[in-house]
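Visitor: Below is one structure. I have some questions about it.
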Amino acid sequence: MNINSYKEILYQFSLFPQRDSRPTFMEICKHPESRFEEICSRILSFYLNPLAEHGLSNLWLTALWKVTKQDGELPFYNQIECVTEEFADTKKIDIVVKSDDFVIAIENKITADLYNPLDIYAKHIHNNYVGKKHVLLVLSVSLIIDGESRKLITKNGFTAVLYKKLFAQVYKELGNYVMGCDQKYLTYMLDFMKTIENMNSDNQKRENDFFYQNKESIDALINR
């Protein structure tokens, strides 16, 4: 390759948006991938509970209610319980949010594919929470494009939701809650969100593709 070819590669790379490369606290911890999804479920369950110590009230419940386009406002509640790993037959639902009038079941997909028995989950919710509104969700970092997985979601009455869209709604609502919250838990929350965002950055994918497609030329440039 001549020098102009190398210049073109450097120019193309310079066009990528600058991103914050500092690791989040969760990334520093580097929990094993097999446990990371469970850890995220526990964190999410904490923030979905409006009665928890974070002081953010129903910020996350309201955001989730709106992003899933439920009818009307978030229903009034006297009590809320958020459970992780609730048994459904011999399987476990990642997160179940229980209130007086509604139940939200969440299958949390961070890194793994959708292979879960959504039919068993749906049957468990319908049979054990009669007379309440049922909201069944598959919350994922990446868009679920596999045809069989999408059929599984629709067939069992689930709705697919992207973390990106949930976060956008949380940011939109945050101004109404930030003054009364515990700043420590606000910091943790933002770190959690940043960690998830880093996992599915469009810019990150573009960079990865760029390096993959130009690997030989980049190696040659470094060697020169």
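Going through the structure tokens in order, the chains are called A, B, and so on, while each chain numbers its residues from 1 and the ligands are numbered from 1 in the order shown.
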Env of Ile43 in chain A: 10 Å cut, atoms = only C-alpha atoms, seq-sep filter 3 positions within chain, self excluded. Answer as a ChimeraX atom specification.
Guide: /A:37-40,46-48,84,188-189,192
Visitor: Could you take the residues named above and write them with N, CA and C atoms, as a compact mmCIF listing (two decimals), in the first residue's frame?
Guide:
# COMPACT_ATOMS: atom_id res chain seq x y z
N GLU A 37 -25.90 -11.59 34.01
CA GLU A 37 -27.32 -11.37 33.77
C GLU A 37 -28.09 -11.39 35.09
N GLU A 38 -27.74 -12.30 35.97
CA GLU A 38 -28.40 -12.37 37.28
C GLU A 38 -28.13 -11.10 38.09
N ILE A 39 -26.89 -10.62 38.04
CA ILE A 39 -26.52 -9.40 38.75
C ILE A 39 -27.34 -8.22 38.23
N CYS A 40 -27.46 -8.12 36.91
CA CYS A 40 -28.24 -7.04 36.30
C CYS A 40 -29.70 -7.13 36.70
N PHE A 46 -34.11 -3.80 42.07
CA PHE A 46 -33.98 -2.79 43.12
C PHE A 46 -34.56 -1.45 42.67
N TYR A 47 -34.24 -1.04 41.45
CA TYR A 47 -34.71 0.26 40.97
C TYR A 47 -36.17 0.24 40.54
N LEU A 48 -36.68 -0.93 40.19
CA LEU A 48 -38.10 -1.05 39.85
C LEU A 48 -38.99 -0.99 41.09
N THR A 84 -36.76 -11.59 42.31
CA THR A 84 -35.91 -12.15 41.26
C THR A 84 -35.93 -13.67 41.37
N TYR A 188 -24.93 4.98 41.30
CA TYR A 188 -24.93 3.56 40.96
C TYR A 188 -25.83 3.28 39.75
N MET A 189 -26.99 3.93 39.75
CA MET A 189 -27.95 3.73 38.66
C MET A 189 -27.37 4.16 37.32
N PHE A 192 -24.78 1.70 36.15
CA PHE A 192 -25.44 0.50 35.61
C PHE A 192 -25.91 0.76 34.19
Visitor: Using only C-alpha atoms, which protein or nucleic acid residues come within 10 Å of range 90-106 of chain A? Drop anything in the same chain fewer than 3 positions from it, and give the result as a ChimeraX atom specification.
Guide: /A:37-38,40-42,44-45,48-49,61,64-65,74-87,109,116-118,120-122,124-126,129-140,158-161
Visitor: What parts of range 39-197 of chain A does DSSP call alpha helix (DSSP H)? I'd like the answer as a PDB file with N, CA, C and O atoms, in the first residue's frame.
Guide:
ATOM      1  N   ILE A  39     -26.886 -10.624  38.036  1.00  0.00           N
ATOM      2  CA  ILE A  39     -26.525  -9.404  38.753  1.00  0.00           C
ATOM      3  C   ILE A  39     -27.339  -8.219  38.230  1.00  0.00           C
ATOM      4  O   ILE A  39     -27.874  -7.418  39.001  1.00  0.00           O
ATOM      5  N   CYS A  40     -27.459  -8.124  36.907  1.00  0.00           N
ATOM      6  CA  CYS A  40     -28.239  -7.037  36.303  1.00  0.00           C
ATOM      7  C   CYS A  40     -29.705  -7.130  36.701  1.00  0.00           C
ATOM      8  O   CYS A  40     -30.357  -6.105  36.929  1.00  0.00           O
ATOM      9  N   SER A  41     -30.231  -8.338  36.802  1.00  0.00           N
ATOM     10  CA  SER A  41     -31.625  -8.522  37.214  1.00  0.00           C
ATOM     11  C   SER A  41     -31.831  -8.017  38.637  1.00  0.00           C
ATOM     12  O   SER A  41     -32.854  -7.392  38.941  1.00  0.00           O
ATOM     13  N   ARG A  42     -30.883  -8.282  39.504  1.00  0.00           N
ATOM     14  CA  ARG A  42     -31.003  -7.829  40.890  1.00  0.00           C
ATOM     15  C   ARG A  42     -30.940  -6.302  40.980  1.00  0.00           C
ATOM     16  O   ARG A  42     -31.679  -5.680  41.753  1.00  0.00           O
ATOM     17  N   ILE A  43     -30.071  -5.707  40.195  1.00  0.00           N
ATOM     18  CA  ILE A  43     -29.974  -4.244  40.178  1.00  0.00           C
ATOM     19  C   ILE A  43     -31.264  -3.640  39.635  1.00  0.00           C
ATOM     20  O   ILE A  43     -31.828  -2.696  40.213  1.00  0.00           O
ATOM     21  N   LEU A  44     -31.735  -4.189  38.531  1.00  0.00           N
ATOM     22  CA  LEU A  44     -32.960  -3.678  37.917  1.00  0.00           C
ATOM     23  C   LEU A  44     -34.149  -3.841  38.860  1.00  0.00           C
ATOM     24  O   LEU A  44     -34.988  -2.939  38.982  1.00  0.00           O
ATOM     25  N   SER A  45     -34.225  -4.975  39.545  1.00  0.00           N
ATOM     26  CA  SER A  45     -35.302  -5.215  40.499  1.00  0.00           C
ATOM     27  C   SER A  45     -35.292  -4.172  41.614  1.00  0.00           C
ATOM     28  O   SER A  45     -36.350  -3.693  42.047  1.00  0.00           O
ATOM     29  N   PHE A  46     -34.112  -3.795  42.069  1.00  0.00           N
ATOM     30  CA  PHE A  46     -33.982  -2.788  43.120  1.00  0.00           C
ATOM     31  C   PHE A  46     -34.563  -1.448  42.671  1.00  0.00           C
ATOM     32  O   PHE A  46     -35.325  -0.806  43.405  1.00  0.00           O
ATOM     33  N   TYR A  47     -34.241  -1.036  41.453  1.00  0.00           N
ATOM     34  CA  TYR A  47     -34.708   0.265  40.974  1.00  0.00           C
ATOM     35  C   TYR A  47     -36.174   0.239  40.541  1.00  0.00           C
ATOM     36  O   TYR A  47     -36.839   1.272  40.533  1.00  0.00           O
ATOM     37  N   LEU A  48     -36.683  -0.930  40.193  1.00  0.00           N
ATOM     38  CA  LEU A  48     -38.096  -1.051  39.852  1.00  0.00           C
ATOM     39  C   LEU A  48     -38.986  -0.985  41.088  1.00  0.00           C
ATOM     40  O   LEU A  48     -40.191  -0.732  40.969  1.00  0.00           O
ATOM     41  N   LEU A  59     -39.887   6.038  39.461  1.00  0.00           N
ATOM     42  CA  LEU A  59     -39.245   6.458  38.212  1.00  0.00           C
ATOM     43  C   LEU A  59     -39.177   5.312  37.205  1.00  0.00           C
ATOM     44  O   LEU A  59     -39.626   5.439  36.055  1.00  0.00           O
ATOM     45  N   TRP A  60     -38.617   4.187  37.615  1.00  0.00           N
ATOM     46  CA  TRP A  60     -38.408   3.085  36.675  1.00  0.00           C
ATOM     47  C   TRP A  60     -39.710   2.389  36.301  1.00  0.00           C
ATOM     48  O   TRP A  60     -39.892   1.987  35.146  1.00  0.00           O
ATOM     49  N   LEU A  61     -40.624   2.264  37.248  1.00  0.00           N
ATOM     50  CA  LEU A  61     -41.921   1.664  36.934  1.00  0.00           C
ATOM     51  C   LEU A  61     -42.684   2.526  35.940  1.00  0.00           C
ATOM     52  O   LEU A  61     -43.290   2.029  34.993  1.00  0.00           O
ATOM     53  N   THR A  62     -42.647   3.828  36.161  1.00  0.00           N
ATOM     54  CA  THR A  62     -43.333   4.751  35.252  1.00  0.00           C
ATOM     55  C   THR A  62     -42.722   4.681  33.862  1.00  0.00           C
ATOM     56  O   THR A  62     -43.437   4.630  32.852  1.00  0.00           O
ATOM     57  N   ALA A  63     -41.388   4.677  33.790  1.00  0.00           N
ATOM     58  CA  ALA A  63     -40.706   4.593  32.497  1.00  0.00           C
ATOM     59  C   ALA A  63     -41.050   3.293  31.785  1.00  0.00           C
ATOM     60  O   ALA A  63     -41.325   3.284  30.574  1.00  0.00           O
ATOM     61  N   LEU A  64     -41.059   2.200  32.526  1.00  0.00           N
ATOM     62  CA  LEU A  64     -41.379   0.899  31.935  1.00  0.00           C
ATOM     63  C   LEU A  64     -42.825   0.862  31.461  1.00  0.00           C
ATOM     64  O   LEU A  64     -43.120   0.330  30.386  1.00  0.00           O
ATOM     65  N   TRP A  65     -43.727   1.429  32.241  1.00  0.00           N
ATOM     66  CA  TRP A  65     -45.142   1.466  31.881  1.00  0.00           C
ATOM     67  C   TRP A  65     -45.350   2.238  30.573  1.00  0.00           C
ATOM     68  O   TRP A  65     -46.108   1.822  29.696  1.00  0.00           O
ATOM     69  N   LYS A  66     -44.654   3.361  30.449  1.00  0.00           N
ATOM     70  CA  LYS A  66     -44.817   4.203  29.267  1.00  0.00           C
ATOM     71  C   LYS A  66     -44.151   3.596  28.038  1.00  0.00           C
ATOM     72  O   LYS A  66     -44.706   3.654  26.934  1.00  0.00           O
ATOM     73  N   VAL A  67     -42.964   3.034  28.202  1.00  0.00           N
ATOM     74  CA  VAL A  67     -42.231   2.525  27.046  1.00  0.00           C
ATOM     75  C   VAL A  67     -42.911   1.290  26.462  1.00  0.00           C
ATOM     76  O   VAL A  67     -42.740   0.981  25.277  1.00  0.00           O
ATOM     77  N   LEU A 118     -41.127 -19.411  27.600  1.00  0.00           N
ATOM     78  CA  LEU A 118     -42.053 -18.317  27.856  1.00  0.00           C
ATOM     79  C   LEU A 118     -43.473 -18.814  28.098  1.00  0.00           C
ATOM     80  O   LEU A 118     -44.257 -18.153  28.796  1.00  0.00           O
ATOM     81  N   ASP A 119     -43.824 -19.967  27.528  1.00  0.00           N
ATOM     82  CA  ASP A 119     -45.166 -20.518  27.740  1.00  0.00           C
ATOM     83  C   ASP A 119     -45.374 -20.889  29.204  1.00  0.00           C
ATOM     84  O   ASP A 119     -46.454 -20.644  29.772  1.00  0.00           O
ATOM     85  N   ILE A 120     -44.356 -21.444  29.830  1.00  0.00           N
ATOM     86  CA  ILE A 120     -44.443 -21.804  31.249  1.00  0.00           C
ATOM     87  C   ILE A 120     -44.536 -20.545  32.107  1.00  0.00           C
ATOM     88  O   ILE A 120     -45.310 -20.489  33.071  1.00  0.00           O
ATOM     89  N   TYR A 121     -43.761 -19.526  31.754  1.00  0.00           N
ATOM     90  CA  TYR A 121     -43.807 -18.265  32.490  1.00  0.00           C
ATOM     91  C   TYR A 121     -45.189 -17.635  32.408  1.00  0.00           C
ATOM     92  O   TYR A 121     -45.753 -17.183  33.419  1.00  0.00           O
ATOM     93  N   ALA A 122     -45.738 -17.582  31.194  1.00  0.00           N
ATOM     94  CA  ALA A 122     -47.056 -16.968  30.999  1.00  0.00           C
ATOM     95  C   ALA A 122     -48.127 -17.729  31.775  1.00  0.00           C
ATOM     96  O   ALA A 122     -48.996 -17.122  32.419  1.00  0.00           O
ATOM     97  N   LYS A 123     -48.084 -19.057  31.718  1.00  0.00           N
ATOM     98  CA  LYS A 123     -49.061 -19.879  32.431  1.00  0.00           C
ATOM     99  C   LYS A 123     -48.983 -19.626  33.936  1.00  0.00           C
ATOM    100  O   LYS A 123     -50.015 -19.519  34.620  1.00  0.00           O
ATOM    101  N   HIS A 124     -47.762 -19.511  34.450  1.00  0.00           N
ATOM    102  CA  HIS A 124     -47.564 -19.247  35.881  1.00  0.00           C
ATOM    103  C   HIS A 124     -48.199 -17.914  36.281  1.00  0.00           C
ATOM    104  O   HIS A 124     -48.901 -17.842  37.308  1.00  0.00           O
ATOM    105  N   ILE A 125     -47.956 -16.881  35.508  1.00  0.00           N
ATOM    106  CA  ILE A 125     -48.505 -15.561  35.830  1.00  0.00           C
ATOM    107  C   ILE A 125     -50.026 -15.571  35.749  1.00  0.00           C
ATOM    108  O   ILE A 125     -50.722 -15.072  36.652  1.00  0.00           O
ATOM    109  N   HIS A 126     -50.577 -16.141  34.686  1.00  0.00           N
ATOM    110  CA  HIS A 126     -52.030 -16.163  34.508  1.00  0.00           C
ATOM    111  C   HIS A 126     -52.725 -16.980  35.591  1.00  0.00           C
ATOM    112  O   HIS A 126     -53.823 -16.614  36.045  1.00  0.00           O
ATOM    113  N   ASN A 127     -52.109 -18.075  36.026  1.00  0.00           N
ATOM    114  CA  ASN A 127     -52.750 -18.952  37.005  1.00  0.00           C
ATOM    115  C   ASN A 127     -52.600 -18.470  38.444  1.00  0.00           C
ATOM    116  O   ASN A 127     -53.464 -18.740  39.292  1.00  0.00           O
ATOM    117  N   ASN A 128     -51.517 -17.743  38.723  1.00  0.00           N
ATOM    118  CA  ASN A 128     -51.231 -17.365  40.112  1.00  0.00           C
ATOM    119  C   ASN A 128     -51.580 -15.923  40.450  1.00  0.00           C
ATOM    120  O   ASN A 128     -51.572 -15.551  41.635  1.00  0.00           O
ATOM    121  N   GLY A 147     -36.288 -15.165  13.834  1.00  0.00           N
ATOM    122  CA  GLY A 147     -37.705 -15.362  13.552  1.00  0.00           C
ATOM    123  C   GLY A 147     -38.406 -16.249  14.558  1.00  0.00           C
ATOM    124  O   GLY A 147     -39.517 -15.947  15.000  1.00  0.00           O
ATOM    125  N   GLU A 148     -37.768 -17.353  14.950  1.00  0.00           N
ATOM    126  CA  GLU A 148     -38.379 -18.274  15.908  1.00  0.00           C
ATOM    127  C   GLU A 148     -38.543 -17.622  17.274  1.00  0.00           C
ATOM    128  O   GLU A 148     -39.554 -17.830  17.961  1.00  0.00           O
ATOM    129  N   SER A 149     -37.552 -16.845  17.673  1.00  0.00           N
ATOM    130  CA  SER A 149     -37.636 -16.159  18.963  1.00  0.00           C
ATOM    131  C   SER A 149     -38.765 -15.139  18.975  1.00  0.00           C
ATOM    132  O   SER A 149     -39.514 -15.025  19.954  1.00  0.00           O
ATOM    133  N   ARG A 150     -38.910 -14.412  17.885  1.00  0.00           N
ATOM    134  CA  ARG A 150     -39.974 -13.415  17.805  1.00  0.00           C
ATOM    135  C   ARG A 150     -41.349 -14.081  17.817  1.00  0.00           C
ATOM    136  O   ARG A 150     -42.303 -13.576  18.407  1.00  0.00           O
ATOM    137  N   LYS A 151     -41.468 -15.238  17.160  1.00  0.00           N
ATOM    138  CA  LYS A 151     -42.727 -15.988  17.191  1.00  0.00           C
ATOM    139  C   LYS A 151     -43.030 -16.450  18.611  1.00  0.00           C
ATOM    140  O   LYS A 151     -44.186 -16.413  19.055  1.00  0.00           O
ATOM    141  N   LEU A 152     -42.003 -16.900  19.319  1.00  0.00           N
ATOM    142  CA  LEU A 152     -42.164 -17.353  20.692  1.00  0.00           C
ATOM    143  C   LEU A 152     -42.668 -16.220  21.582  1.00  0.00           C
ATOM    144  O   LEU A 152     -43.547 -16.429  22.437  1.00  0.00           O
ATOM    145  N   ILE A 153     -42.130 -15.032  21.375  1.00  0.00           N
ATOM    146  CA  ILE A 153     -42.544 -13.865  22.157  1.00  0.00           C
ATOM    147  C   ILE A 153     -44.009 -13.534  21.901  1.00  0.00           C
ATOM    148  O   ILE A 153     -44.809 -13.385  22.835  1.00  0.00           O
ATOM    149  N   THR A 154     -44.377 -13.445  20.637  1.00  0.00           N
ATOM    150  CA  THR A 154     -45.745 -13.075  20.268  1.00  0.00           C
ATOM    151  C   THR A 154     -46.747 -14.137  20.686  1.00  0.00           C
ATOM    152  O   THR A 154     -47.816 -13.822  21.238  1.00  0.00           O
ATOM    153  N   LYS A 155     -46.421 -15.385  20.437  1.00  0.00           N
ATOM    154  CA  LYS A 155     -47.338 -16.497  20.721  1.00  0.00           C
ATOM    155  C   LYS A 155     -47.720 -16.543  22.196  1.00  0.00           C
ATOM    156  O   LYS A 155     -48.867 -16.896  22.536  1.00  0.00           O
ATOM    157  N   TYR A 163     -33.423  -2.297  26.116  1.00  0.00           N
ATOM    158  CA  TYR A 163     -32.875  -1.485  27.204  1.00  0.00           C
ATOM    159  C   TYR A 163     -32.695  -0.036  26.754  1.00  0.00           C
ATOM    160  O   TYR A 163     -32.921   0.903  27.519  1.00  0.00           O
ATOM    161  N   LYS A 164     -32.266   0.138  25.519  1.00  0.00           N
ATOM    162  CA  LYS A 164     -32.012   1.482  25.007  1.00  0.00           C
ATOM    163  C   LYS A 164     -33.252   2.357  25.097  1.00  0.00           C
ATOM    164  O   LYS A 164     -33.180   3.534  25.477  1.00  0.00           O
ATOM    165  N   LYS A 165     -34.396   1.790  24.773  1.00  0.00           N
ATOM    166  CA  LYS A 165     -35.639   2.570  24.816  1.00  0.00           C
ATOM    167  C   LYS A 165     -36.094   2.808  26.253  1.00  0.00           C
ATOM    168  O   LYS A 165     -36.611   3.879  26.577  1.00  0.00           O
ATOM    169  N   LEU A 166     -35.898   1.807  27.106  1.00  0.00           N
ATOM    170  CA  LEU A 166     -36.239   1.998  28.516  1.00  0.00           C
ATOM    171  C   LEU A 166     -35.380   3.090  29.126  1.00  0.00           C
ATOM    172  O   LEU A 166     -35.877   3.964  29.844  1.00  0.00           O
ATOM    173  N   PHE A 167     -34.084   3.058  28.842  1.00  0.00           N
ATOM    174  CA  PHE A 167     -33.178   4.075  29.376  1.00  0.00           C
ATOM    175  C   PHE A 167     -33.560   5.470  28.882  1.00  0.00           C
ATOM    176  O   PHE A 167     -33.500   6.443  29.639  1.00  0.00           O
ATOM    177  N   ALA A 168     -33.926   5.566  27.624  1.00  0.00           N
ATOM    178  CA  ALA A 168     -34.320   6.870  27.070  1.00  0.00           C
ATOM    179  C   ALA A 168     -35.501   7.441  27.842  1.00  0.00           C
ATOM    180  O   ALA A 168     -35.558   8.646  28.127  1.00  0.00           O
ATOM    181  N   GLN A 169     -36.450   6.581  28.203  1.00  0.00           N
ATOM    182  CA  GLN A 169     -37.619   7.033  28.960  1.00  0.00           C
ATOM    183  C   GLN A 169     -37.238   7.389  30.392  1.00  0.00           C
ATOM    184  O   GLN A 169     -37.754   8.358  30.963  1.00  0.00           O
ATOM    185  N   VAL A 170     -36.308   6.624  30.978  1.00  0.00           N
ATOM    186  CA  VAL A 170     -35.831   6.946  32.323  1.00  0.00           C
ATOM    187  C   VAL A 170     -35.168   8.318  32.339  1.00  0.00           C
ATOM    188  O   VAL A 170     -35.433   9.148  33.223  1.00  0.00           O
ATOM    189  N   TYR A 171     -34.299   8.580  31.365  1.00  0.00           N
ATOM    190  CA  TYR A 171     -33.643   9.886  31.282  1.00  0.00           C
ATOM    191  C   TYR A 171     -34.683  11.002  31.113  1.00  0.00           C
ATOM    192  O   TYR A 171     -34.545  12.090  31.688  1.00  0.00           O
ATOM    193  N   LYS A 172     -35.715  10.725  30.349  1.00  0.00           N
ATOM    194  CA  LYS A 172     -36.759  11.724  30.099  1.00  0.00           C
ATOM    195  C   LYS A 172     -37.520  12.061  31.374  1.00  0.00           C
ATOM    196  O   LYS A 172     -37.897  13.216  31.600  1.00  0.00           O
ATOM    197  N   GLU A 173     -37.742  11.062  32.222  1.00  0.00           N
ATOM    198  CA  GLU A 173     -38.514  11.253  33.443  1.00  0.00           C
ATOM    199  C   GLU A 173     -37.658  11.707  34.629  1.00  0.00           C
ATOM    200  O   GLU A 173     -38.184  12.207  35.626  1.00  0.00           O
ATOM    201  N   LEU A 174     -36.337  11.546  34.525  1.00  0.00           N
ATOM    202  CA  LEU A 174     -35.446  11.684  35.677  1.00  0.00           C
ATOM    203  C   LEU A 174     -35.546  13.047  36.365  1.00  0.00           C
ATOM    204  O   LEU A 174     -35.451  13.133  37.596  1.00  0.00           O
ATOM    205  N   GLN A 183     -28.316  10.416  46.389  1.00  0.00           N
ATOM    206  CA  GLN A 183     -27.338  10.648  45.327  1.00  0.00           C
ATOM    207  C   GLN A 183     -26.404   9.453  45.124  1.00  0.00           C
ATOM    208  O   GLN A 183     -25.923   9.214  44.015  1.00  0.00           O
ATOM    209  N   LYS A 184     -26.151   8.709  46.176  1.00  0.00           N
ATOM    210  CA  LYS A 184     -25.294   7.521  46.050  1.00  0.00           C
ATOM    211  C   LYS A 184     -25.935   6.514  45.098  1.00  0.00           C
ATOM    212  O   LYS A 184     -25.276   5.988  44.199  1.00  0.00           O
ATOM    213  N   TYR A 185     -27.245   6.273  45.292  1.00  0.00           N
ATOM    214  CA  TYR A 185     -27.926   5.300  44.446  1.00  0.00           C
ATOM    215  C   TYR A 185     -28.179   5.843  43.047  1.00  0.00           C
ATOM    216  O   TYR A 185     -28.296   5.066  42.097  1.00  0.00           O
ATOM    217  N   LEU A 186     -28.236   7.156  42.921  1.00  0.00           N
ATOM    218  CA  LEU A 186     -28.326   7.758  41.586  1.00  0.00           C
ATOM    219  C   LEU A 186     -27.040   7.488  40.812  1.00  0.00           C
ATOM    220  O   LEU A 186     -27.076   7.137  39.626  1.00  0.00           O
ATOM    221  N   THR A 187     -25.907   7.632  41.474  1.00  0.00           N
ATOM    222  CA  THR A 187     -24.611   7.347  40.842  1.00  0.00           C
ATOM    223  C   THR A 187     -24.525   5.890  40.415  1.00  0.00           C
ATOM    224  O   THR A 187     -24.090   5.580  39.302  1.00  0.00           O
ATOM    225  N   TYR A 188     -24.934   4.982  41.297  1.00  0.00           N
ATOM    226  CA  TYR A 188     -24.928   3.560  40.959  1.00  0.00           C
ATOM    227  C   TYR A 188     -25.832   3.282  39.750  1.00  0.00           C
ATOM    228  O   TYR A 188     -25.495   2.484  38.878  1.00  0.00           O
ATOM    229  N   MET A 189     -26.993   3.931  39.746  1.00  0.00           N
ATOM    230  CA  MET A 189     -27.953   3.727  38.658  1.00  0.00           C
ATOM    231  C   MET A 189     -27.370   4.159  37.317  1.00  0.00           C
ATOM    232  O   MET A 189     -27.459   3.436  36.317  1.00  0.00           O
ATOM    233  N   LEU A 190     -26.749   5.322  37.293  1.00  0.00           N
ATOM    234  CA  LEU A 190     -26.171   5.830  36.057  1.00  0.00           C
ATOM    235  C   LEU A 190     -25.011   4.951  35.590  1.00  0.00           C
ATOM    236  O   LEU A 190     -24.810   4.760  34.389  1.00  0.00           O
ATOM    237  N   ASP A 191     -24.248   4.406  36.534  1.00  0.00           N
ATOM    238  CA  ASP A 191     -23.159   3.498  36.191  1.00  0.00           C
ATOM    239  C   ASP A 191     -23.709   2.211  35.580  1.00  0.00           C
ATOM    240  O   ASP A 191     -23.168   1.706  34.586  1.00  0.00           O
ATOM    241  N   PHE A 192     -24.777   1.701  36.152  1.00  0.00           N
ATOM    242  CA  PHE A 192     -25.436   0.504  35.614  1.00  0.00           C
ATOM    243  C   PHE A 192     -25.914   0.764  34.189  1.00  0.00           C
ATOM    244  O   PHE A 192     -25.685  -0.052  33.276  1.00  0.00           O
ATOM    245  N   MET A 193     -26.553   1.903  33.970  1.00  0.00           N
ATOM    246  CA  MET A 193     -27.072   2.232  32.647  1.00  0.00           C
ATOM    247  C   MET A 193     -25.943   2.384  31.637  1.00  0.00           C
ATOM    248  O   MET A 193     -26.039   1.909  30.498  1.00  0.00           O
ATOM    249  N   LYS A 194     -24.858   3.028  32.049  1.00  0.00           N
ATOM    250  CA  LYS A 194     -23.716   3.217  31.157  1.00  0.00           C
ATOM    251  C   LYS A 194     -23.091   1.885  30.791  1.00  0.00           C
ATOM    252  O   LYS A 194     -22.681   1.655  29.638  1.00  0.00           O
ATOM    253  N   THR A 195     -23.031   0.964  31.743  1.00  0.00           N
ATOM    254  CA  THR A 195     -22.471  -0.361  31.485  1.00  0.00           C
ATOM    255  C   THR A 195     -23.270  -1.087  30.415  1.00  0.00           C
ATOM    256  O   THR A 195     -22.702  -1.678  29.485  1.00  0.00           O
ATOM    257  N   ILE A 196     -24.594  -1.052  30.540  1.00  0.00           N
ATOM    258  CA  ILE A 196     -25.460  -1.708  29.558  1.00  0.00           C
ATOM    259  C   ILE A 196     -25.356  -1.011  28.204  1.00  0.00           C
ATOM    260  O   ILE A 196     -25.290  -1.668  27.157  1.00  0.00           O
ATOM    261  N   GLU A 197     -25.318   0.313  28.209  1.00  0.00           N
ATOM    262  CA  GLU A 197     -25.204   1.064  26.961  1.00  0.00           C
ATOM    263  C   GLU A 197     -23.916   0.711  26.228  1.00  0.00           C
ATOM    264  O   GLU A 197     -23.901   0.614  24.993  1.00  0.00           O
TER     265      GLU A 197
END
Visitor: Quote the spacing between CA of Val141 in chain A and CA of Asn108 in chain A in Å to one decimal place.
Guide: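 Computing the Euclidean distance for CA of Val141 in chain A and CA of Asn108 in chain A yields 8.8 Å.
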Visitor: Considering only C-alpha atoms, return as a ChimeraX atom specification whatever protein or nucleic-acid residues lie within 10 Å of Ile218 in chain A, sequence-local ones (same chain, fewer than 6 positions apart) excluded.
Guide: /A:6,9-10,211-212,224
Visitor: Could you pull out all residues of range 57-189 of chain A with a DSSP call of strand (DSSP E or B) and give them as a PyMOL selection string?
Guide: chain A and resi 80-88+91-99+102-109+133-140+159-162
